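Colleague: To be precise about what I am sending: the file is called entry-v8.csv and holds CSV, C-alpha atoms (C1' of nucleotides) and all ligand atoms.
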chain,number,residue,atom,x,y,z
A,5,MET,CA,91.8,93.5,101.7
A,6,LEU,CA,90.8,94.7,98.2
A,7,LYS,CA,89.9,98.1,99.6
A,8,LEU,CA,90.3,101.5,97.9
A,9,SER,CA,92.3,104.0,99.9
A,10,LYS,CA,90.7,107.0,101.4
A,11,LYS,CA,93.0,109.1,99.3
A,12,VAL,CA,91.4,107.7,96.2
A,13,GLU,CA,87.9,108.2,97.6
A,14,TYR,CA,88.7,111.8,98.4
A,15,GLY,CA,90.1,112.3,94.9
A,16,LEU,CA,87.0,110.8,93.3
A,17,ILE,CA,84.8,113.1,95.4
A,18,ALA,CA,86.9,116.1,94.5
A,19,ILE,CA,87.0,115.3,90.8
A,20,ARG,CA,83.3,114.6,90.7
A,21,HIS,CA,82.6,117.9,92.4
A,22,MET,CA,84.7,119.8,89.8
A,23,ALA,CA,83.0,117.9,87.0
A,24,SER,CA,79.6,119.0,88.3
A,25,ILE,CA,80.4,122.7,88.4
A,26,GLU,CA,81.8,125.0,85.8
A,27,SER,CA,83.8,127.5,87.8
A,28,ILE,CA,87.1,127.2,89.7
A,29,THR,CA,87.1,125.8,93.2
A,30,THR,CA,89.5,125.4,96.0
A,31,ALA,CA,90.7,122.5,98.2
A,32,LYS,CA,89.4,124.4,101.2
A,33,GLU,CA,85.9,124.6,99.7
A,34,ILE,CA,85.8,120.9,98.9
A,35,SER,CA,87.2,119.9,102.3
A,36,GLU,CA,84.6,121.9,104.1
A,37,HIS,CA,81.7,120.9,101.8
A,38,TYR,CA,82.4,117.2,102.1
A,39,LYS,CA,84.0,117.3,105.5
A,40,LEU,CA,87.3,115.9,104.3
A,41,PRO,CA,90.6,116.3,106.1
A,42,PHE,CA,92.1,119.4,104.4
A,43,ASP,CA,95.8,118.5,104.4
A,44,LEU,CA,95.2,115.1,102.9
A,45,LEU,CA,92.8,116.3,100.3
A,46,ALA,CA,95.2,119.1,99.4
A,47,LYS,CA,98.0,116.7,98.7
A,48,VAL,CA,95.7,114.5,96.6
A,49,MET,CA,94.7,117.4,94.5
A,50,GLN,CA,98.3,118.5,94.1
A,51,LYS,CA,99.0,115.1,92.6
A,52,LEU,CA,96.1,115.3,90.3
A,53,SER,CA,97.3,118.7,89.3
A,54,LYS,CA,100.9,117.5,88.7
A,55,ASN,CA,99.5,114.8,86.4
A,56,LYS,CA,97.4,117.3,84.4
A,57,ILE,CA,94.1,115.8,85.4
A,58,ILE,CA,93.2,119.1,87.0
A,59,ALA,CA,94.6,122.6,86.4
A,60,SER,CA,95.8,124.7,89.3
A,61,HIS,CA,96.0,128.4,89.9
A,62,GLN,CA,97.9,129.8,92.8
A,63,GLY,CA,97.3,133.1,94.4
A,64,ILE,CA,94.5,134.8,96.2
A,65,HIS,CA,91.6,133.8,93.9
A,66,GLY,CA,93.2,130.6,92.7
A,67,GLY,CA,92.1,127.0,93.0
A,68,TYR,CA,91.5,124.1,90.7
A,69,LYS,CA,89.3,123.0,87.9
A,70,LEU,CA,89.2,120.0,85.5
A,71,ALA,CA,92.0,120.1,82.9
A,72,LYS,CA,90.1,117.8,80.5
A,73,SER,CA,86.5,116.7,79.8
A,74,ALA,CA,84.9,114.4,82.3
A,75,ASP,CA,84.4,111.7,79.7
A,76,SER,CA,88.1,111.6,79.0
A,77,ILE,CA,89.1,110.9,82.6
A,78,SER,CA,88.9,107.3,83.7
A,79,ILE,CA,88.7,106.1,87.3
A,80,MET,CA,92.0,104.3,86.6
A,81,ASP,CA,93.6,107.6,85.6
A,82,ILE,CA,92.7,108.9,89.0
A,83,ILE,CA,93.8,105.8,90.9
A,84,GLN,CA,97.1,105.6,89.0
A,85,THR,CA,97.8,109.3,89.7
A,86,ILE,CA,97.0,109.2,93.4
A,87,GLU,CA,98.7,105.8,94.1
A,88,GLY,CA,101.6,106.4,91.9
A,89,HIS,CA,101.0,103.2,89.9
A,90,ILE,CA,98.4,100.8,88.7
A,91,PRO,CA,97.5,98.7,91.8
A,92,GLY,CA,98.1,95.0,91.5
A,93,ILE,CA,96.1,92.4,93.3
A,94,VAL,CA,99.3,90.4,94.1
A,95,GLN,CA,102.8,91.2,94.9
A,96,CYS,CA,104.4,90.0,91.7
A,97,ILE,CA,102.3,92.5,89.6
A,98,ASP,CA,103.3,95.4,91.8
A,99,GLU,CA,106.9,94.6,92.5
A,100,GLY,CA,108.0,92.1,89.9
A,101,LEU,CA,108.1,88.3,89.9
A,102,GLU,CA,111.5,87.9,91.6
A,103,LYS,CA,110.3,89.9,94.7
A,104,CYS,CA,107.9,87.2,95.7
A,105,SER,CA,109.8,84.6,97.8
A,106,ILE,CA,107.7,81.7,96.6
A,107,HIS,CA,107.3,82.6,93.0
A,108,GLN,CA,109.3,79.5,91.9
A,109,ASN,CA,106.6,77.3,93.3
A,110,CYS,CA,103.6,79.5,92.5
A,111,THR,CA,100.7,77.7,90.7
A,112,ILE,CA,98.1,80.5,90.9
A,113,ARG,CA,99.9,83.3,89.1
A,114,ASN,CA,98.2,82.9,85.7
A,115,PRO,CA,94.6,82.9,86.9
A,116,LEU,CA,95.3,85.8,89.2
A,117,HIS,CA,96.8,87.8,86.4
A,118,LYS,CA,93.6,87.2,84.4
A,119,ILE,CA,91.6,88.6,87.3
A,120,GLN,CA,93.9,91.6,87.3
A,121,GLU,CA,93.0,92.2,83.7
A,122,ASN,CA,89.3,92.1,84.4
A,123,LEU,CA,89.8,94.5,87.3
A,124,GLU,CA,91.8,96.9,85.2
A,125,SER,CA,89.2,97.0,82.5
A,126,VAL,CA,86.5,97.8,85.0
A,127,PHE,CA,88.4,100.8,86.2
A,128,ASN,CA,89.6,101.8,82.8
A,129,ASN,CA,86.1,101.8,81.3
A,130,LEU,CA,84.4,103.8,84.0
A,131,LYS,CA,84.7,107.5,83.3
A,132,VAL,CA,84.2,110.5,85.5
A,133,SER,CA,81.3,111.5,83.5
A,134,GLU,CA,79.5,108.3,84.6
A,135,LEU,CA,80.0,109.0,88.3
A,136,VAL,CA,76.3,109.3,89.1
B,28,MET,CA,95.5,98.9,97.9
B,29,LEU,CA,93.2,96.4,96.2
B,30,LYS,CA,95.6,93.6,97.1
B,31,LEU,CA,94.7,90.0,98.0
B,32,SER,CA,96.1,88.9,101.4
B,33,LYS,CA,98.8,86.3,101.6
B,34,LYS,CA,96.4,84.1,103.5
B,35,VAL,CA,94.1,84.0,100.5
B,36,GLU,CA,97.0,83.3,98.2
B,37,TYR,CA,98.1,80.5,100.5
B,38,GLY,CA,94.6,79.1,100.6
B,39,LEU,CA,94.3,79.2,96.8
B,40,ILE,CA,97.6,77.4,96.4
B,41,ALA,CA,96.6,74.7,98.9
B,42,ILE,CA,93.2,74.2,97.4
B,43,ARG,CA,94.6,74.0,93.9
B,44,HIS,CA,97.1,71.4,95.2
B,45,MET,CA,94.3,69.3,96.7
B,46,ALA,CA,92.3,69.6,93.5
B,47,SER,CA,95.2,68.3,91.4
B,48,ILE,CA,95.8,65.2,93.5
B,49,GLU,CA,93.4,62.5,94.5
B,50,SER,CA,94.8,61.4,97.9
B,51,ILE,CA,94.8,63.0,101.3
B,52,THR,CA,97.5,65.5,102.0
B,53,THR,CA,98.8,67.5,105.1
B,54,ALA,CA,99.5,71.1,105.9
B,55,LYS,CA,103.1,70.2,106.5
B,56,GLU,CA,103.4,68.6,103.0
B,57,ILE,CA,102.0,71.7,101.3
B,58,SER,CA,104.0,74.1,103.4
B,59,GLU,CA,107.2,72.3,102.5
B,60,HIS,CA,106.3,71.8,98.8
B,61,TYR,CA,105.4,75.4,98.2
B,62,LYS,CA,107.7,76.9,100.9
B,63,LEU,CA,104.8,78.5,102.8
B,64,PRO,CA,104.9,79.4,106.5
B,65,PHE,CA,103.5,76.4,108.2
B,66,ASP,CA,101.6,78.0,111.1
B,67,LEU,CA,99.9,80.5,108.9
B,68,LEU,CA,99.0,77.9,106.2
B,69,ALA,CA,97.7,75.6,109.0
B,70,LYS,CA,95.3,78.2,110.3
B,71,VAL,CA,94.1,79.0,106.8
B,72,MET,CA,93.4,75.3,106.2
B,73,GLN,CA,91.6,75.0,109.5
B,74,LYS,CA,89.2,77.7,108.4
B,75,LEU,CA,88.6,76.1,105.1
B,76,SER,CA,87.9,72.9,107.0
B,77,LYS,CA,85.5,74.6,109.4
B,78,ASN,CA,83.6,75.9,106.4
B,79,LYS,CA,83.4,72.5,104.8
B,80,ILE,CA,85.4,73.4,101.8
B,81,ILE,CA,87.9,70.8,102.7
B,82,ALA,CA,87.5,67.7,105.0
B,83,SER,CA,90.0,67.1,107.8
B,84,HIS,CA,91.2,63.9,109.4
B,85,GLN,CA,93.1,64.1,112.6
B,86,GLY,CA,95.6,61.4,113.8
B,87,ILE,CA,98.7,59.9,112.6
B,88,HIS,CA,97.8,59.4,109.0
B,89,GLY,CA,95.4,62.3,108.9
B,90,GLY,CA,95.3,65.4,106.7
B,91,TYR,CA,93.0,67.2,104.4
B,92,LYS,CA,91.3,66.7,101.1
B,93,LEU,CA,88.6,68.6,99.1
B,94,ALA,CA,85.1,68.2,100.5
B,95,LYS,CA,83.4,69.0,97.2
B,96,SER,CA,84.2,69.0,93.5
B,97,ALA,CA,86.6,71.6,92.2
B,98,ASP,CA,84.0,73.1,89.9
B,99,SER,CA,81.6,73.7,92.8
B,100,ILE,CA,84.1,75.9,94.7
B,101,SER,CA,84.4,79.5,93.7
B,102,ILE,CA,87.3,81.8,94.4
B,103,MET,CA,84.8,83.9,96.4
B,104,ASP,CA,84.0,80.9,98.6
B,105,ILE,CA,87.6,80.7,99.5
B,106,ILE,CA,88.1,84.4,100.0
B,107,GLN,CA,84.9,84.7,102.1
B,108,THR,CA,86.0,81.7,104.3
B,109,ILE,CA,89.5,82.9,104.9
B,110,GLU,CA,88.7,86.6,105.4
B,111,GLY,CA,85.5,85.9,107.3
B,112,HIS,CA,83.3,88.0,105.0
B,113,ILE,CA,83.0,89.2,101.5
B,114,PRO,CA,85.5,92.0,101.1
B,115,GLY,CA,84.2,95.5,100.2
B,116,ILE,CA,86.1,98.0,98.2
B,117,VAL,CA,84.9,100.8,100.5
B,118,GLN,CA,84.2,101.1,104.2
B,119,CYS,CA,80.4,101.4,103.9
B,120,ILE,CA,80.1,98.0,102.3
B,121,ASP,CA,82.2,96.3,105.0
B,122,GLU,CA,81.0,98.1,108.0
B,123,GLY,CA,77.7,99.7,107.1
B,124,LEU,CA,76.9,103.2,105.9
B,125,GLU,CA,76.7,104.9,109.3
B,126,LYS,CA,80.3,103.9,110.1
B,127,CYS,CA,81.7,106.2,107.4
B,128,SER,CA,82.1,109.7,108.9
B,129,ILE,CA,81.4,111.4,105.6
B,130,HIS,CA,78.5,109.3,104.3
B,131,GLN,CA,76.1,112.1,104.5
B,132,ASN,CA,78.0,114.1,101.9
B,133,CYS,CA,79.2,111.1,99.9
B,134,THR,CA,78.5,111.5,96.1
B,135,ILE,CA,80.4,108.5,94.9
B,136,ARG,CA,78.7,105.6,96.7
B,137,ASN,CA,76.5,104.4,93.9
B,138,PRO,CA,79.2,104.0,91.2
B,139,LEU,CA,81.5,102.4,93.7
B,140,HIS,CA,78.8,99.9,94.7
B,141,LYS,CA,78.4,99.1,91.0
B,142,ILE,CA,82.1,98.4,90.8
B,143,GLN,CA,81.8,96.1,93.8
B,144,GLU,CA,79.2,94.1,92.0
B,145,ASN,CA,81.4,93.7,89.0
B,146,LEU,CA,84.2,92.6,91.3
B,147,GLU,CA,82.1,90.1,93.2
B,148,SER,CA,80.9,88.5,90.0
B,149,VAL,CA,84.5,88.0,88.8
B,150,PHE,CA,85.4,86.1,92.0
B,151,ASN,CA,82.1,84.3,92.0
B,152,ASN,CA,82.4,83.0,88.5
B,153,LEU,CA,85.9,81.7,88.7
B,154,LYS,CA,86.0,78.2,90.0
B,155,VAL,CA,88.8,76.2,91.5
B,156,SER,CA,88.6,73.8,88.5
B,157,GLU,CA,89.7,76.8,86.3
B,158,LEU,CA,92.8,77.6,88.3
B,159,VAL,CA,95.2,76.8,85.5
C,29,DA,C1',98.5,51.6,127.2
C,30,DA,C1',102.0,54.5,125.4
C,31,DA,C1',104.0,57.0,121.7
C,32,DC,C1',103.4,59.4,117.7
C,33,DT,C1',101.6,62.6,114.5
C,34,DA,C1',98.4,65.6,112.7
C,35,DA,C1',94.6,68.9,113.2
C,36,DC,C1',92.8,72.6,116.4
C,37,DG,C1',92.8,77.2,118.5
C,38,DG,C1',94.1,81.2,121.1
C,39,DA,C1',97.4,84.7,122.3
C,40,DC,C1',101.1,87.2,121.0
C,41,DT,C1',104.7,89.9,118.2
C,42,DT,C1',106.4,92.1,114.3
C,43,DA,C1',106.2,94.5,110.0
C,44,DA,C1',104.0,97.2,106.7
C,45,DA,C1',100.5,100.0,104.7
C,46,DT,C1',97.2,103.7,105.4
C,47,DA,C1',95.6,107.9,107.4
C,48,DG,C1',96.3,112.1,109.1
C,49,DT,C1',99.2,116.2,110.8
C,50,DC,C1',102.6,120.0,110.9
C,51,DG,C1',105.6,123.4,109.2
C,52,DT,C1',107.2,126.1,105.8
C,53,DA,C1',107.9,127.8,101.1
C,54,DT,C1',106.0,129.7,96.9
C,55,DT,C1',102.9,132.4,94.0
C,56,DA,C1',99.4,135.4,92.4
C,57,DT,C1',96.2,139.0,93.5
C,58,DA,C1',94.0,142.9,95.6
D,25,DT,C1',102.4,144.6,101.4
D,26,DA,C1',98.9,141.8,103.4
D,27,DT,C1',96.3,138.0,102.1
D,28,DA,C1',94.9,133.6,100.4
D,29,DA,C1',95.8,130.0,97.8
D,30,DT,C1',98.8,126.0,96.0
D,31,DA,C1',103.2,123.2,96.8
D,32,DC,C1',106.2,119.9,99.3
D,33,DG,C1',108.5,117.3,102.6
D,34,DA,C1',108.8,115.3,107.1
D,35,DC,C1',106.6,113.5,110.7
D,36,DT,C1',103.2,110.8,113.8
D,37,DA,C1',99.5,107.8,114.7
D,38,DT,C1',96.5,104.1,113.6
D,39,DT,C1',95.1,100.0,111.4
D,40,DT,C1',95.8,95.9,109.0
D,41,DA,C1',98.5,92.1,107.5
D,42,DA,C1',101.9,88.7,108.4
D,43,DG,C1',104.1,85.6,111.0
D,44,DT,C1',105.2,83.1,115.5
D,45,DC,C1',104.5,80.6,119.7
D,46,DC,C1',102.4,77.4,122.8
D,47,DG,C1',99.4,74.3,124.4
D,48,DT,C1',95.3,71.1,123.4
D,49,DT,C1',92.7,67.4,121.1
D,50,DA,C1',92.1,63.4,118.5
D,51,DG,C1',93.1,59.3,115.8
D,52,DT,C1',96.8,55.5,114.7
D,53,DT,C1',100.2,52.5,115.3
D,54,DT,C1',103.1,49.8,118.0
A,201,LIG,S1,102.4,83.8,95.2
A,201,LIG,FE1,102.3,83.7,93.0
A,201,LIG,S2,100.7,85.1,92.5
A,201,LIG,FE2,101.2,85.6,94.6
A,201,LIG,S3,102.7,87.2,94.4
A,201,LIG,FE3,103.9,85.3,94.5
A,201,LIG,S4,104.1,84.8,92.4
A,201,LIG,FE4,102.5,86.3,92.4
A,202,LIG,S1,83.0,107.9,101.4
A,202,LIG,FE1,81.1,107.2,100.4
A,202,LIG,S2,81.7,105.3,99.3
A,202,LIG,FE2,83.4,105.8,100.7
A,202,LIG,S3,82.9,104.6,102.5
A,202,LIG,FE3,82.0,106.6,102.9
A,202,LIG,S4,80.0,106.4,102.1
A,202,LIG,FE4,81.1,104.6,101.3
Show me, as structure tokens, the structure contained in the file I just sent.
Modeller:
Amino acid sequence: MLKLSKKVEYGLIAIRHMASIESITTAKEISEHYKLPFDLLAKVMQKLSKNKIIASHQGIHGGYKLAKSADSISIMDIIQTIEGHIPGIVQCIDEGLEKCSIHQNCTIRNPLHKIQENLESVFNNLKVSELV
Amino acid sequence: MLKLSKKVEYGLIAIRHMASIESITTAKEISEHYKLPFDLLAKVMQKLSKNKIIASHQGIHGGYKLAKSADSISIMDIIQTIEGHIPGIVQCIDEGLEKCSIHQNCTIRNPLHKIQENLESVFNNLKVSELV
DNA sequence: AAACTAACGGACTTAAATAGTCGTATTATA
DNA sequence: TATAATACGACTATTTAAGTCCGTTAGTTT
């Protein structure tokens, strides 16, 4: 409950790595350096690349590097990219109100949505450049 | 990811219900009123009772009511009671550093622990009396 | 004392989300 | 043309969450 996924952790580690070096790097390099499962990391980096957070170069001396400055990438950008959406702490935020079978009797929605806002601002305000 | 469990939601609904009325109420009453699965709700309430957040009375006119004032119960109290522990956003908080297979190479631990602190204070500072 | 009703508690099953793997295609370079 | 990298989709396995079942215990009322 309330746990970040490993994919997000791997993404954060990879992004932080790229932010700390200047040159291009590869998924293999990162997976070996940090002992991360290669296939999983590779897919995470592909998503980050697709969303223009990192830039990719195929071919024999290819790899990845940051596509923007470290202080313009928020943790939420990374989470949203990897998970596909902003994570909600309750079903009605993720899937819409109607999807929750008890929404007509729900008395806790408003306060939980306030908590959600707090949570989002925490992840929005923390930038990659502050990952120290 | 980052989602509250239904057990916690059910607990919050039940607690809020008890906070809004004066008299004793039963698990059956709440489960019917809010259309919650009885067995699951019952176990949640038993945990809340065991941790002295609500008081139980067995027997034919028994039931539950709050054991303390609504402004002295935090959302974290409820979460901690139902989940059995304070939830950590990463493995090393829940299970200890050694349990994470990559902890020796982890570069993101410190900032994530900061986020954890933020998160905890949000849940600690919100009281049942503010569930509106 | 018997019947009733509500809390108590453990074991179990099912469903869903997460984590990890595999195979293959594409692309750029040397 | 061989090589090394990204790119993608399908698949399996593991873990967690959700829900159910069944029997027990304990007060109340008749
Ligand atoms: S119970 Fe209320 S807060 Fe939870 S998902 Fe349903 S509507 Fe949203
Ligand atoms: S990767 Fe780092 S932050 Fe995540 S659980 Fe392991 S030690 Fe903790």
Colleague: I need the contact residues of chain A against chain C, so if you could list those with any atom within 7 Å, counting only C-alpha atoms (C1' of nucleotides), and return them as a ChimeraX atom specification, that would help.
Modeller: /A:44,62-65
Colleague: Enumerate, in order of chain and increasing residue number, the residues of chain B with an atom no farther than 10 Å from ligand LIG 201 (chain A), each with its shortest atom pair and distance in Å to one decimal, counting all atoms listed in the file, as a tab-separated table.
Modeller:
residue	atom	partner	partner_atom	distance
B:Lys30	CA	A:LIG201	S3	9.9
B:Leu31	CA	A:LIG201	FE2	8.6
B:Ser32	CA	A:LIG201	FE2	9.1
B:Lys33	CA	A:LIG201	FE2	7.4
B:Val35	CA	A:LIG201	FE2	9.4
B:Glu36	CA	A:LIG201	FE2	6.0
B:Tyr37	CA	A:LIG201	S1	7.6
B:Leu39	CA	A:LIG201	S1	9.5
B:Ile40	CA	A:LIG201	S1	8.1
B:Tyr61	CA	A:LIG201	S1	9.4
B:Leu63	CA	A:LIG201	S1	9.6
Colleague: Put chain B on top of chain A with a least-squares fit on all C-alpha atoms, paired in order, and send it back as a compact mmCIF listing (two decimals) with C-alpha atoms, in the coordinates of the input.
Modeller:
# COMPACT_ATOMS: atom_id res chain seq x y z
CA MET B 28 91.79 93.53 101.62
CA LEU B 29 90.82 94.70 98.14
CA LYS B 30 89.88 98.09 99.56
CA LEU B 31 90.27 101.49 97.85
CA SER B 32 92.33 103.99 99.91
CA LYS B 33 90.70 107.02 101.41
CA LYS B 34 92.95 109.16 99.26
CA VAL B 35 91.38 107.69 96.14
CA GLU B 36 87.92 108.16 97.57
CA TYR B 37 88.79 111.76 98.37
CA GLY B 38 90.15 112.29 94.90
CA LEU B 39 87.03 110.81 93.29
CA ILE B 40 84.79 113.04 95.37
CA ALA B 41 86.80 116.15 94.47
CA ILE B 42 86.94 115.33 90.81
CA ARG B 43 83.24 114.59 90.68
CA HIS B 44 82.65 117.97 92.40
CA MET B 45 84.75 119.79 89.79
CA ALA B 46 82.96 117.95 87.01
CA SER B 47 79.55 119.04 88.29
CA ILE B 48 80.40 122.73 88.49
CA GLU B 49 81.76 125.01 85.84
CA SER B 50 83.82 127.51 87.90
CA ILE B 51 87.10 127.24 89.69
CA THR B 52 87.04 125.81 93.15
CA THR B 53 89.57 125.36 96.10
CA ALA B 54 90.74 122.52 98.26
CA LYS B 55 89.42 124.34 101.27
CA GLU B 56 85.91 124.64 99.70
CA ILE B 57 85.76 120.92 98.95
CA SER B 58 87.20 119.91 102.28
CA GLU B 59 84.58 121.94 104.09
CA HIS B 60 81.68 120.90 101.79
CA TYR B 61 82.36 117.22 102.05
CA LYS B 62 83.98 117.30 105.55
CA LEU B 63 87.29 115.87 104.29
CA PRO B 64 90.64 116.37 106.04
CA PHE B 65 92.08 119.38 104.40
CA ASP B 66 95.80 118.52 104.38
CA LEU B 67 95.23 115.10 102.98
CA LEU B 68 92.73 116.32 100.31
CA ALA B 69 95.23 119.10 99.41
CA LYS B 70 98.01 116.66 98.72
CA VAL B 71 95.71 114.44 96.69
CA MET B 72 94.69 117.45 94.57
CA GLN B 73 98.29 118.47 94.11
CA LYS B 74 99.03 115.10 92.58
CA LEU B 75 96.10 115.27 90.31
CA SER B 76 97.35 118.69 89.27
CA LYS B 77 100.88 117.45 88.67
CA ASN B 78 99.44 114.80 86.39
CA LYS B 79 97.40 117.29 84.45
CA ILE B 80 94.10 115.86 85.40
CA ILE B 81 93.17 119.10 86.97
CA ALA B 82 94.65 122.64 86.38
CA SER B 83 95.80 124.72 89.35
CA HIS B 84 95.93 128.45 89.85
CA GLN B 85 97.88 129.81 92.72
CA GLY B 86 97.18 133.24 94.37
CA ILE B 87 94.41 134.88 96.09
CA HIS B 88 91.60 133.87 93.83
CA GLY B 89 93.24 130.67 92.73
CA GLY B 90 92.07 127.05 92.93
CA TYR B 91 91.53 124.10 90.74
CA LYS B 92 89.34 123.03 87.89
CA LEU B 93 89.26 120.00 85.50
CA ALA B 94 91.96 120.08 82.85
CA LYS B 95 90.06 117.82 80.46
CA SER B 96 86.50 116.70 79.80
CA ALA B 97 84.87 114.41 82.31
CA ASP B 98 84.39 111.67 79.76
CA SER B 99 88.12 111.60 78.95
CA ILE B 100 89.11 110.82 82.57
CA SER B 101 88.91 107.26 83.72
CA ILE B 102 88.71 106.05 87.29
CA MET B 103 92.03 104.29 86.59
CA ASP B 104 93.63 107.61 85.65
CA ILE B 105 92.73 108.90 89.01
CA ILE B 106 93.75 105.82 90.92
CA GLN B 107 97.09 105.57 89.03
CA THR B 108 97.82 109.32 89.73
CA ILE B 109 97.02 109.21 93.39
CA GLU B 110 98.63 105.84 94.17
CA GLY B 111 101.57 106.43 91.86
CA HIS B 112 101.04 103.23 89.86
CA ILE B 113 98.42 100.84 88.74
CA PRO B 114 97.56 98.71 91.74
CA GLY B 115 98.15 94.92 91.51
CA ILE B 116 96.12 92.37 93.30
CA VAL B 117 99.27 90.36 94.08
CA GLN B 118 102.84 91.22 94.93
CA CYS B 119 104.37 90.00 91.64
CA ILE B 120 102.38 92.47 89.61
CA ASP B 121 103.38 95.43 91.81
CA GLU B 122 106.91 94.57 92.50
CA GLY B 123 107.99 92.07 89.88
CA LEU B 124 108.09 88.29 89.98
CA GLU B 125 111.49 87.88 91.64
CA LYS B 126 110.33 89.87 94.68
CA CYS B 127 107.87 87.14 95.72
CA SER B 128 109.76 84.57 97.83
CA ILE B 129 107.60 81.71 96.62
CA HIS B 130 107.33 82.53 92.91
CA GLN B 131 109.21 79.52 91.89
CA ASN B 132 106.54 77.21 93.28
CA CYS B 133 103.61 79.51 92.54
CA THR B 134 100.74 77.66 90.70
CA ILE B 135 98.17 80.39 90.85
CA ARG B 136 99.86 83.28 89.02
CA ASN B 137 98.17 82.91 85.69
CA PRO B 138 94.53 82.93 86.89
CA LEU B 139 95.29 85.77 89.23
CA HIS B 140 96.82 87.80 86.39
CA LYS B 141 93.63 87.14 84.42
CA ILE B 142 91.63 88.53 87.29
CA GLN B 143 93.85 91.61 87.32
CA GLU B 144 93.03 92.22 83.72
CA ASN B 145 89.35 92.02 84.39
CA LEU B 146 89.83 94.45 87.26
CA GLU B 147 91.87 96.92 85.26
CA SER B 148 89.29 97.00 82.50
CA VAL B 149 86.51 97.83 85.00
CA PHE B 150 88.45 100.88 86.28
CA ASN B 151 89.55 101.78 82.80
CA ASN B 152 86.10 101.81 81.33
CA LEU B 153 84.40 103.84 83.97
CA LYS B 154 84.70 107.50 83.30
CA VAL B 155 84.28 110.47 85.57
CA SER B 156 81.25 111.56 83.46
CA GLU B 157 79.52 108.30 84.66
CA LEU B 158 80.02 108.96 88.35
CA VAL B 159 76.33 109.24 89.12
Colleague: Give the answer as one residue: which of D:DT49, D:DT27, D:DT44, D:DT54 has the shortest atom-to-atom distance to chain A, using all atoms listed in the file?
Modeller: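 Ranked by minimum distance to chain A, first place goes to D:DT27.
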Colleague: Please find the residues of chain B near chain A - the criterion being any atom within 6 Å, counting only C-alpha atoms - and write them as number ranges by chain.
Modeller: B: 28-31, 61, 116-117, 132, 138, 158
Colleague: Would you save the residues from that selection as a PDB file, in the coordinates of the input, using C-alpha atoms?
Modeller:
ATOM      1  CA  MET B  28      95.500  98.900  97.900  1.00  0.00           C
ATOM      2  CA  LEU B  29      93.200  96.400  96.200  1.00  0.00           C
ATOM      3  CA  LYS B  30      95.600  93.600  97.100  1.00  0.00           C
ATOM      4  CA  LEU B  31      94.700  90.000  98.000  1.00  0.00           C
ATOM      5  CA  TYR B  61     105.400  75.400  98.200  1.00  0.00           C
ATOM      6  CA  ILE B 116      86.100  98.000  98.200  1.00  0.00           C
ATOM      7  CA  VAL B 117      84.900 100.800 100.500  1.00  0.00           C
ATOM      8  CA  ASN B 132      78.000 114.100 101.900  1.00  0.00           C
ATOM      9  CA  PRO B 138      79.200 104.000  91.200  1.00  0.00           C
ATOM     10  CA  LEU B 158      92.800  77.600  88.300  1.00  0.00           C
TER      11      LEU B 158
END
Colleague: Give as a PyMOL selection string every residue of chain A that touches chain D within 12 Å, counting only C-alpha atoms (C1' of nucleotides).
Modeller: chain A and resi 5-7+29-33+43+46-51+53-54+59-68
Colleague: For the atom pair CA of Ile120 in chain B and CA of Asn151 in chain B, what is the interatomic distance in Å to one decimal place?
Modeller: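 Separation of CA of Ile120 in chain B and CA of Asn151 in chain B: 17.3 Å.
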Colleague: Would you mind reading off the distance between CA of Asp81 in chain A and CA of Lys11 in chain A, one decimal, in Å?
Modeller: 13.8 Å
